[in-house]
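Each remark here refers to the structure printed beneath this line.
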Amino acid sequence: MAEKKRVFSGIQPSGRLHIGNYVGAMQNMISLQEEYSCIYGIVDYHAITVSFNPGQMEQSIFDCAVDYIAAGIDPAKSILMIQSTVAGHTELAWILNTITPISWLLRVPTFKEKKQQNPDYVNMGLLDYPVLMAADILLYRAEVVPVGDDQLPHLELTREIVRRFNGLFGVTFPEPKAKIGAVSRILGLDGINKMSKSLDNCIFLNDTKDEMWKKLSTAVTDVRRKRRTDPGNPDECNLFTMHKAFSGKTDIEHCARECRVAGIGCLDCKKILHENMYKILQPIQENAAELRKDRTYVLNALNDGQRRAEEIAAQTMDEVYAKLGIKLYHSRLA
Ligand code: AMP
Ligand code: TRP
C-alpha cells in the first residue's frame, strides 16, 4: 500500500486557543487525520520570538496539548509533539537559513506587523520565524499544511525555499500546499482586527456560556446598521462569518435573509449564534476538563509523539546532511 501523504501544522503555546484557531486551522487539522499521516506541533520555539513569560511556558504547552486533544486531534492517529523536543527543527532551520536571502524575509507581512507593534523587540528569531516554519514542514516532507489565511505568505516562502534547495542540492522536498479553513479568517470582537491572542478581542474555546454571551452581545456587527429598523448586510458582518463557522444551513439562511430586510435585529441573530457556538464548544470543554484530570495520558501522548516524530526527522536529516556533504565524519568519529 502506498504511504499516506504527510500533513504538518503548528500552533503557538502563547495563551488559550480561540475560535479563530479552531475554525481557521483546527477543523481541517482534525478532518485530515482520516486520510493523511498528520504531525501536529506545539511550536514553542516560535512562541519565544515575541515577548513571553518563561514562568508560564510549561503550563501553556500543556494547555495547548489539552486543547488539541479535546478538540479532536487523536494521538493514536496523529503525531502530537512539542517542537523543541525534536532537534531536527532547529538543525534544518539553520541549513535553510544559509540558502534564504534576507530580502525574502524582510518583505514578510507578519514581520513588518510585529516590528511595528513592538519596535523594541525586533530580534533575529522574529525575522527568521518563516524559515523555522519552513523547517517544521520540510522536516517531515509534509505536502499539506492546514492553516488560516494569515499564514499564506509563509507557505509561499516555504515553497520558494524548497525550489532553491532542490535546485542547489537535488530534489529532496515536495512543495507543500496550504489548506485553508472553510472560514479562513475570523475578526475579533472589534470587527476590525484579526481575532488574535495578542489582542484582547477573542472568544476562547474554554469561555463559559455566560462569558461567550457577554462577548457576543457587545461584538461589533455591520457598522452601517445603526438602528434595529435599518436593513443590514451579512457580508459586512463579522458575526455572520461566525455563523458560517458554527451554525447549520437553516439558521445561516434565516439570519442572512432576515438581516437584509431588518426582520430580525442583531441581538436576535447573536442569540442564535450563541446557542450554536456553545453546542460545538461544550463537548470540547468537557473533554478538556477530563484530560486535565489525566495528566499522564497527555504526557504519554507527547512522549510517543516525540519518538515517532524523531524517527521521520532522522531520515530527512540524514539525506539533507549527505546532500550537503556535511556531518559525514560524525559516525566515523563516534
Ligand atoms: P497561532 O495562534 O498564531 O499559533 O495560530 C494557529 C493557527 O490558527 C494558524 O493556522 C492561524 O492561521 C490560525 N488562526 C489564528 N487566528 C486566526 C483567525 N482570527 N482566523 C482564522 N484563523 C486563525
Ligand atoms: N506560524 C504559525 C502561526 O502563527 C504556527 C506555525 C509554526 C505553523 N510552524 C508551522 C503552522 C508549520 C503551519 C506549519 O499560526
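Residue numbers start at 1 in each chain; chains themselves are named A, B, ... in the order of the C-alpha cells; ligands are numbered from 1 in the order shown.
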Legend entry - strand (DSSP E or B) call set, DSSP backbone run, range 61-240 of chain A, as a PyMOL selection string: chain A and resi 79-82+144-147+177-180+187+194+204
Inset, instruction - Residues within 10 Å of ligand 2, counting only C-alpha atoms and all ligand atoms: report them as a PyMOL selection string. - result: chain A and resi 7-14+21+24-25+39-47+83+89+110+129-138+142+144-152+154-155+158+176+178-179+196
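Look at Asp318 in chain A: the protein and nucleic acid residues within 12 Å of it, using only C-alpha atoms and passing over chain neighbours fewer than 5 places away, are Gly88, Glu91, Leu92, Leu139, Thr172, Glu310, Glu311, Ile312, Ala313, Lys323, Leu324, Gly325, Ile326, Lys327, Leu328, His330 and Ser331 of chain A.
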Inset, instruction - Select, from A:Gly265, A:Gly15, A:Gly305, A:Pro231, the residue with the minimum atom-to-atom distance to ligand 1, counting only C-alpha atoms and all ligand atoms. - result: A:Gly15
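Comparing the minimum interatomic distances between ligand 1 and each of A:Gln282, A:Gln117, A:Ser217, A:Gln27, counting only C-alpha atoms and all ligand atoms, we find that A:Gln27 sits nearest.
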Inset, instruction - Write out as a ChimeraX atom specification the residues lying within 12 Å of Ala289 in chain A, counting only C-alpha atoms and excluding same-chain residues fewer than 4 positions away. - result: /A:63,66-67,69-71,206,282-285,293-295
Since we have the selection now, will you write its residues out, keeping N, CA, C and O atoms, as a PDB file, in the first residue's frame?
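So the final result, stored in result.pdb, reads:
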ATOM      1  N   ASP A  63      -1.472  23.222  28.260  1.00  0.00           N
ATOM      2  CA  ASP A  63      -2.820  23.674  27.883  1.00  0.00           C
ATOM      3  C   ASP A  63      -3.060  23.498  26.384  1.00  0.00           C
ATOM      4  O   ASP A  63      -4.150  23.127  25.956  1.00  0.00           O
ATOM      5  N   VAL A  66      -3.704  19.908  25.672  1.00  0.00           N
ATOM      6  CA  VAL A  66      -5.070  19.563  26.101  1.00  0.00           C
ATOM      7  C   VAL A  66      -6.089  20.050  25.065  1.00  0.00           C
ATOM      8  O   VAL A  66      -6.986  19.313  24.648  1.00  0.00           O
ATOM      9  N   ASP A  67      -5.930  21.286  24.625  1.00  0.00           N
ATOM     10  CA  ASP A  67      -6.888  21.837  23.652  1.00  0.00           C
ATOM     11  C   ASP A  67      -6.871  21.060  22.334  1.00  0.00           C
ATOM     12  O   ASP A  67      -7.905  20.819  21.722  1.00  0.00           O
ATOM     13  N   ILE A  69      -6.098  17.897  21.862  1.00  0.00           N
ATOM     14  CA  ILE A  69      -6.732  16.577  22.012  1.00  0.00           C
ATOM     15  C   ILE A  69      -8.236  16.744  22.252  1.00  0.00           C
ATOM     16  O   ILE A  69      -9.052  16.036  21.657  1.00  0.00           O
ATOM     17  N   ALA A  70      -8.590  17.725  23.094  1.00  0.00           N
ATOM     18  CA  ALA A  70     -10.005  17.936  23.403  1.00  0.00           C
ATOM     19  C   ALA A  70     -10.798  18.284  22.140  1.00  0.00           C
ATOM     20  O   ALA A  70     -11.936  17.868  21.962  1.00  0.00           O
ATOM     21  N   ALA A  71     -10.181  19.025  21.241  1.00  0.00           N
ATOM     22  CA  ALA A  71     -10.890  19.450  20.028  1.00  0.00           C
ATOM     23  C   ALA A  71     -11.031  18.311  19.024  1.00  0.00           C
ATOM     24  O   ALA A  71     -11.861  18.382  18.117  1.00  0.00           O
ATOM     25  N   ASN A 206     -12.424  27.796  25.728  1.00  0.00           N
ATOM     26  CA  ASN A 206     -12.908  27.410  27.058  1.00  0.00           C
ATOM     27  C   ASN A 206     -13.646  28.529  27.800  1.00  0.00           C
ATOM     28  O   ASN A 206     -13.787  28.481  29.012  1.00  0.00           O
ATOM     29  N   GLN A 282     -19.108  23.158  23.771  1.00  0.00           N
ATOM     30  CA  GLN A 282     -19.351  22.465  25.049  1.00  0.00           C
ATOM     31  C   GLN A 282     -18.670  21.090  25.135  1.00  0.00           C
ATOM     32  O   GLN A 282     -17.968  20.816  26.116  1.00  0.00           O
ATOM     33  N   PRO A 283     -18.820  20.223  24.110  1.00  0.00           N
ATOM     34  CA  PRO A 283     -18.139  18.922  24.217  1.00  0.00           C
ATOM     35  C   PRO A 283     -16.615  19.058  24.276  1.00  0.00           C
ATOM     36  O   PRO A 283     -15.949  18.267  24.954  1.00  0.00           O
ATOM     37  N   ILE A 284     -16.078  20.059  23.606  1.00  0.00           N
ATOM     38  CA  ILE A 284     -14.618  20.271  23.652  1.00  0.00           C
ATOM     39  C   ILE A 284     -14.218  20.642  25.075  1.00  0.00           C
ATOM     40  O   ILE A 284     -13.226  20.145  25.615  1.00  0.00           O
ATOM     41  N   GLN A 285     -15.034  21.480  25.705  1.00  0.00           N
ATOM     42  CA  GLN A 285     -14.735  21.893  27.084  1.00  0.00           C
ATOM     43  C   GLN A 285     -14.833  20.713  28.037  1.00  0.00           C
ATOM     44  O   GLN A 285     -14.024  20.575  28.958  1.00  0.00           O
ATOM     45  N   LYS A 293      -7.588  16.069  34.227  1.00  0.00           N
ATOM     46  CA  LYS A 293      -7.506  15.142  35.366  1.00  0.00           C
ATOM     47  C   LYS A 293      -6.554  13.984  35.057  1.00  0.00           C
ATOM     48  O   LYS A 293      -6.191  13.226  35.939  1.00  0.00           O
ATOM     49  N   ASP A 294      -6.204  13.832  33.778  1.00  0.00           N
ATOM     50  CA  ASP A 294      -5.372  12.687  33.386  1.00  0.00           C
ATOM     51  C   ASP A 294      -4.080  13.175  32.727  1.00  0.00           C
ATOM     52  O   ASP A 294      -3.840  12.985  31.539  1.00  0.00           O
ATOM     53  N   ARG A 295      -3.262  13.808  33.545  1.00  0.00           N
ATOM     54  CA  ARG A 295      -2.003  14.387  33.070  1.00  0.00           C
ATOM     55  C   ARG A 295      -1.112  13.339  32.398  1.00  0.00           C
ATOM     56  O   ARG A 295      -0.453  13.601  31.393  1.00  0.00           O
TER      57      ARG A 295
END
Legend entry - Contact residues around Lys114 in chain A with only C-alpha atoms at 10 Å, ignoring same-chain residues under 4 positions, as a PyMOL selection string: chain A and resi 50+109-110+118-119+121-122+126-127
Legend entry - Two-atom distance - CA of Leu216 in chain A, CA of Lys270 in chain A (Å):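 We find that CA of Leu216 in chain A and CA of Lys270 in chain A lie 6.6 Å from each other.
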Inset, instruction - For Ile186 in chain A, list every protein, DNA or RNA residue within 7 Å, evaluated using only C-alpha atoms, and leave out those in the same chain fewer than 4 positions away; present the list as a PyMOL selection string. - result: chain A and resi 20+194-195+241
Inset, instruction - Give the answer as one residue: which of A:Asn287, A:Asn303, A:Asn28, A:Asn97 has the shortest atom-to-atom distance to ligand 1, using only C-alpha atoms and all ligand atoms? - result: A:Asn28
Inset, instruction - Go through A:Met81, A:Ala65, A:Val223, A:Ile30 one by one, measure the shortest atom-to-atom distance of each to Leu291 in chain A using only C-alpha atoms, and give the residue with the smallest value. - result: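 Closest residue, counting only C-alpha atoms: A:Ala65.
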Legend entry - DSSP-assigned helix (DSSP H, G or I) among range 108-145 of chain A, expressed as a ChimeraX atom specification: /A:109-117,124-138
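Nearest to Arg227 in chain A of all the residues A:Ile264, A:Val108, A:Lys5, A:Cys38 is A:Ile264, based on only C-alpha atoms.
Each of A:Phe204, A:Tyr140, A:Trp94, A:Trp213 was compared to ligand 1 using only C-alpha atoms and all ligand atoms, and A:Phe204 turns out to be the nearest.
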Legend entry - Exercise: Met277 in chain A partners within 10 Å, only C-alpha atoms, chain neighbours under 6 positions left out, as an NGL selection string: :A and (19 or 205 or 209 or 212 or 242-243 or 245-247 or 271)
Can you spit out the residues from that selection as a PDB file, in the first residue's frame, using N, CA and C atoms?
ATOM      1  N   ILE A  19     -11.598  30.824  18.921  1.00  0.00           N
ATOM      2  CA  ILE A  19     -12.412  30.251  17.837  1.00  0.00           C
ATOM      3  C   ILE A  19     -11.801  30.515  16.452  1.00  0.00           C
ATOM      4  N   LEU A 205     -11.863  28.985  23.344  1.00  0.00           N
ATOM      5  CA  LEU A 205     -12.539  27.683  23.302  1.00  0.00           C
ATOM      6  C   LEU A 205     -13.090  27.314  24.677  1.00  0.00           C
ATOM      7  N   LYS A 209     -20.430  29.629  28.971  1.00  0.00           N
ATOM      8  CA  LYS A 209     -21.546  30.082  28.134  1.00  0.00           C
ATOM      9  C   LYS A 209     -21.853  31.559  28.420  1.00  0.00           C
ATOM     10  N   MET A 212     -19.173  33.818  26.948  1.00  0.00           N
ATOM     11  CA  MET A 212     -19.369  33.866  25.497  1.00  0.00           C
ATOM     12  C   MET A 212     -20.468  34.875  25.150  1.00  0.00           C
ATOM     13  N   MET A 242     -19.035  34.255  11.700  1.00  0.00           N
ATOM     14  CA  MET A 242     -19.063  33.254  12.770  1.00  0.00           C
ATOM     15  C   MET A 242     -20.223  32.278  12.565  1.00  0.00           C
ATOM     16  N   HIS A 243     -21.354  32.808  12.105  1.00  0.00           N
ATOM     17  CA  HIS A 243     -22.490  31.925  11.805  1.00  0.00           C
ATOM     18  C   HIS A 243     -22.067  30.856  10.804  1.00  0.00           C
ATOM     19  N   ALA A 245     -19.351  29.579  10.397  1.00  0.00           N
ATOM     20  CA  ALA A 245     -18.471  28.583  11.007  1.00  0.00           C
ATOM     21  C   ALA A 245     -19.206  27.685  11.998  1.00  0.00           C
ATOM     22  N   PHE A 246     -20.252  28.200  12.626  1.00  0.00           N
ATOM     23  CA  PHE A 246     -20.846  27.444  13.744  1.00  0.00           C
ATOM     24  C   PHE A 246     -22.308  27.041  13.558  1.00  0.00           C
ATOM     25  N   SER A 247     -23.016  27.680  12.638  1.00  0.00           N
ATOM     26  CA  SER A 247     -24.450  27.398  12.528  1.00  0.00           C
ATOM     27  C   SER A 247     -24.744  26.456  11.365  1.00  0.00           C
ATOM     28  N   LYS A 271     -28.189  35.738  19.446  1.00  0.00           N
ATOM     29  CA  LYS A 271     -28.698  34.680  20.340  1.00  0.00           C
ATOM     30  C   LYS A 271     -28.634  33.320  19.642  1.00  0.00           C
TER      31      LYS A 271
END
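Picture a line from CA of Val171 in chain A to CA of Glu319 in chain A; it runs 10.7 Å.
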Legend entry - Two-atom distance - CA of Lys197 in chain A, CA of Arg16 in chain A (Å): 7.4 Å
